[in-house]
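Engineer: Have a look at this one.
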Amino acid sequence: MISRQMFFFNPFRVSLLLCLSGIFLAFPNPVLHIPFFIFLFFLGLNLIAFNARSLSAAFRWTLFSSGFAYALGLYWVVVPVHVYGNFPFVLAVFCPLLLGFVLGLFSCAYVIYLYLLRNRFSWFWLGIFGGAAWGSLEFAREYLFTGFPWLIAAQAFSVWPETIQAVGLVGSYGLGMFLACAGLWMSCGQRISLVAGLLLLAMFLVPGFWLGKQEYHGPVKDILVVQGNIEQDIKWEEEIQVQTVKKYQKLTLEGLGDRGPDLVIWPETAMPFYFQEKTRLSLMVRDFVQEQNINLITGSPAYEMLQDDSGVRLYNRAFWAAPSGRIIDYYDKERLGPFGEYIPWSDYLFFLNRLVSGPLDFSPGYATGPLIQEDLAIGMLICYEIIFPGLVRERVASGANLLVNISNDAWFGKTSAPEQHLHLSVLRAVEQGRFIVRSTNTGISAFIDPQGRVYQHTNLFQDAFLRGEVNLLEQTTFYHRWHWPIHWALVIISLSGLGLSLTRKASRAGMIKNNEG
């Protein structure tokens with residue numbers, strides 16, 4: 001096990017440095033991105049677990065170290081809060097800190113788990129149980145505290161899609177288990193455990209380099225994606241609304257060429273008005289669709305009058321306009337963004353209402369099935385819905401043979417957030433074995449194949465369009481078919497380790513020397 005004698009500095013200071021550098025550098029950032037730095041983060045957490053004198057000390061060390069680390073990785077949260085939420089910069093800085101410390105609570109649970117098991121098992125079983133605990137906690141992050149599975153371990157490697165092919169078998173959380181297990185084994189300070197950790201990494205990360213590019217045999221569809229690059233803070237002005245429609249029409253015409261595509265996709269809220277109404281702006285789009293004889297999916301806000309005429313419900317909607325110009329189907333965003341589209345616990349957090357983009361909270365949609373026309377069954381995902389494995393899995397389970405993610409990442413500004421967002425989309429493509437088409441307002445728009453390869457993409461903040469082919473696929477991955485047994489296996493293994501630890505006495509020979517608390 002790790003002991004203080006292995007370090008020249010106080011273990012707490014070392015763990016803080018390891019956690020900060022591990023999270024910041026393992027994921028996209030403005031400086032340097034090396035996925036393997038995620039193991040520095042694991043090393044920092046393991047150092048705390050192996051050296052803390054008490055549970056309270058382990059909790060304090062971990063919350064401080066991992067909380068600041070996650071906040072640093074989520075530095076970009078300051079931009080939407082300060083620039084678009086009009087919060088003073090000094091106050092906006094506290095938002096990534098708050099979010100980081102919430103994520104830090106899950107790291108605390110992991111470290112406390114290791115603290116309880118550290119002297120009761122060999123390095124082998126400690127890695128198995130600890131890895132399962134980490135995977136279980138990432139699974140829990142999808143649902144607890146409104147859900148935010150961002151900066152998960154497997155995401156670090158999405159930039160190298162060959163290394164994440166295992167998520168098609170065990171999912172992102174399953175791969176997270178094996179990464180955490182390898183990190184634990186390599187942290188134990190024994191030659192055999194170090195070799196075992198490296199072999200485990202090689203087993204899961206290396207085989208993808210030999211797979212080669214697969215051939216897909218489903219029906220081929222030609223898709224055109226348009227990136228309008230409209231500034232967020234002016235898009236709702238009346239004069240800009242007309243310019244926005246004309247800009248999307250112009251870019252679309254450039255992308256159509258001599259032969260029209262099977263489908264044109266514009267981003268989330270690309271049309272900053274109520275497209276469902278037959279207004280001048282709406283008719284400009286419908287007439288254009290009819291003139292060009294195209295199928296168009298576009299984002300727009302929508303509303304529904306309540307039955308008792310007491311008010312309205314607002315929705316974040318994706319409309320499908322047929323070549324006739326008629327709206328034939330739509331999808332309402334199911335999983336809303338907290339503090340951006342609604343305020344959770346609004347009775348207590350009323351002072352945050354200015355962060356919501358409209359006068360009212362959005363409502364979650366109930367029209368969530370695939371958008372279907374002929375052989376095309378589109379699983380729609382709006383904005384950060386793509387980060388939730390369960391939500392994407394539901395789209396495929398309901399019959400989607402293509403996944404489409406429309407988003408408006410203009411909120412993030414020129415930060416690392418759009419790339420982090422893209423990397424989560426890569427994980428979903430491999431998990432579900434589907435092509436994913438991303439259409440975003442300011443980038444990064446992309447085509448992703450089922451092996452996680454981004455074979456076309458735009459740059460940030462540019463007027464652009466992409467034209468690419470995708471295959472409509474019906475087969476499902478092993479993970480898709482066995483996701484619940486895999487997830488519950490993580491929970492059962494971790495609980496088993498905790499239960500067994502209660503029946504075993506701490507080994508004096510294996511006791512870790514602790515002098516700090």
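Every chain in the structure tokens has a letter given in the order shown (A, B, ...), and although residue numbers restart at 1 in each chain, ligands are simply numbered from 1 in the order shown.
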Would you mind writing down, as a PyMOL selection string, each residue of range 79-155 of chain A that DSSP on the backbone assigns to helix (DSSP H, G or I)?
Structural biologist: chain A and resi 79-84+89-92+94-117+123-141+144-146+153-155
Engineer: Write out as a compact mmCIF listing (two decimals) with C-alpha atoms, in the first residue's frame each polymer residue whose atoms come within 9 Å of range 143-151 of chain A, counting only C-alpha atoms; drop sequence neighbours fewer than 6 positions from it.
Structural biologist:
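Below you can see part-v5.txt, which holds the result:
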# COMPACT_ATOMS: atom_id res chain seq x y z
CA ILE A 23 -8.91 16.03 -13.73
CA PHE A 27 -10.05 16.02 -20.21
CA TYR A 70 -13.77 18.96 -10.65
CA GLY A 73 -12.30 20.84 -15.04
CA LEU A 74 -15.67 22.62 -15.19
CA VAL A 102 -21.20 18.10 -5.44
CA LEU A 103 -19.24 15.76 -7.73
CA GLY A 337 -30.91 21.31 -17.98
CA PRO A 338 -31.10 22.44 -14.35
CA PRO A 344 -34.70 22.87 -9.25
CA ILE A 387 -24.58 12.66 -21.77
CA PHE A 388 -27.05 10.21 -20.18
CA PRO A 389 -26.41 6.56 -21.16
CA GLN A 420 -16.01 17.70 -23.61
CA HIS A 421 -19.62 17.52 -24.81
CA LEU A 424 -19.54 12.18 -24.29
Engineer: From a backbone DSSP assignment, name each residue in range 301-422 of chain A labelled strand (DSSP E or B), as a VMD selection string.
Structural biologist: chain A and resid 301 to 305 312 to 321 327 to 332 338 342 362 371 to 373 376 to 382 402 to 407
Engineer: Point out the residue among A:Gly168, A:Pro161, A:Pro450, A:Pro267 with the least atom-to-atom distance to Phe435 in chain A, counting only C-alpha atoms.
Structural biologist: A:Pro450
Engineer: Excluding Gln214 in chain A and any residue of its chain fewer than 5 positions from it, enumerate the residues within 12 Å of it, using only C-alpha atoms, and give them as JSON, numbers by chain.
Structural biologist: {"A": [208, 433, 449, 450, 451, 452, 453, 471]}
Engineer: Write the residues of the preceding selection, restricted to N, CA and C atoms, as a PDB file, in the first residue's frame.
Structural biologist:
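For reference, out-v9.pdb as written:
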ATOM      1  N   GLY A 208      -8.594  -2.330 -29.373  1.00  0.00           N
ATOM      2  CA  GLY A 208      -9.284  -1.520 -30.375  1.00  0.00           C
ATOM      3  C   GLY A 208      -8.395  -1.042 -31.498  1.00  0.00           C
ATOM      4  N   GLY A 433     -23.870   1.317 -30.497  1.00  0.00           N
ATOM      5  CA  GLY A 433     -23.627   0.821 -31.849  1.00  0.00           C
ATOM      6  C   GLY A 433     -24.440   1.556 -32.898  1.00  0.00           C
ATOM      7  N   ASP A 449     -19.197   7.621 -36.068  1.00  0.00           N
ATOM      8  CA  ASP A 449     -19.603   6.261 -36.426  1.00  0.00           C
ATOM      9  C   ASP A 449     -19.715   5.390 -35.172  1.00  0.00           C
ATOM     10  N   PRO A 450     -20.259   4.169 -35.284  1.00  0.00           N
ATOM     11  CA  PRO A 450     -20.476   3.326 -34.097  1.00  0.00           C
ATOM     12  C   PRO A 450     -19.198   2.884 -33.389  1.00  0.00           C
ATOM     13  N   GLN A 451     -18.048   3.111 -33.986  1.00  0.00           N
ATOM     14  CA  GLN A 451     -16.790   2.849 -33.299  1.00  0.00           C
ATOM     15  C   GLN A 451     -16.239   4.095 -32.608  1.00  0.00           C
ATOM     16  N   GLY A 452     -17.023   5.162 -32.612  1.00  0.00           N
ATOM     17  CA  GLY A 452     -16.606   6.385 -31.940  1.00  0.00           C
ATOM     18  C   GLY A 452     -15.697   7.280 -32.749  1.00  0.00           C
ATOM     19  N   ARG A 453     -15.526   6.997 -34.022  1.00  0.00           N
ATOM     20  CA  ARG A 453     -14.667   7.817 -34.869  1.00  0.00           C
ATOM     21  C   ARG A 453     -15.434   9.047 -35.371  1.00  0.00           C
ATOM     22  N   ASN A 471     -25.243   5.013 -41.903  1.00  0.00           N
ATOM     23  CA  ASN A 471     -25.992   3.767 -42.100  1.00  0.00           C
ATOM     24  C   ASN A 471     -27.057   3.644 -41.021  1.00  0.00           C
TER      25      ASN A 471
END
Engineer: For range 35-47 of chain A, list every protein, DNA or RNA residue within 7 Å, evaluated using only C-alpha atoms, and leave out those in the same chain fewer than 6 positions away; present the list as a list of chain:residue names.
Structural biologist: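 Residues near the query, excluding close chain neighbours: A:Ile2, A:Pro11, A:Ser15, A:Leu16, A:Leu18, A:Cys19, A:Gly22, A:Ile23, A:Leu25, A:Ala26, A:Phe27, A:Thr62, A:Val111, A:Ala153, A:Ala156, A:Phe157, A:Ala180, A:Gly183, A:Leu184, A:Ser187.
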Engineer: Separation of CA of Thr244 in chain A and CA of Thr458 in chain A, in Å?
Structural biologist: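 Answer for the CA of Thr244 in chain A to CA of Thr458 in chain A separation: 19.0 Å.
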Engineer: Mind running range 398-481 of chain A against range 294-306 of chain A at 10 Å and telling me each contacting residue's nearest atom pair with the distance in Å (one decimal), counting only C-alpha atoms, chain and number ascending, as a Markdown table?
Structural biologist:
| residue | atom | partner | partner_atom | distance |
| --- | --- | --- | --- | --- |
| A:Val404 | CA | A:Ile297 | CA | 9.8 |
| A:Ile406 | CA | A:Gly299 | CA | 7.5 |
| A:Ser407 | CA | A:Gly299 | CA | 8.6 |
| A:Asn408 | CA | A:Gly299 | CA | 9.5 |
| A:Ser439 | CA | A:Thr298 | CA | 9.5 |
Engineer: List as a Markdown table every residue of range 436-491 of chain A that is in contact with range 215-219 of chain A, defined as an atom at most 8 Å from one of its atoms (using only C-alpha atoms), together with the nearest atom pair and the distance in Å rounded to one decimal, sorted by chain and then rising number.
Structural biologist:
| residue | atom | partner | partner_atom | distance |
| --- | --- | --- | --- | --- |
| A:Asn471 | CA | A:Gly218 | CA | 5.0 |
| A:Leu472 | CA | A:Gly218 | CA | 4.9 |
| A:Leu473 | CA | A:Gly218 | CA | 5.2 |
| A:Glu474 | CA | A:Gly218 | CA | 7.7 |
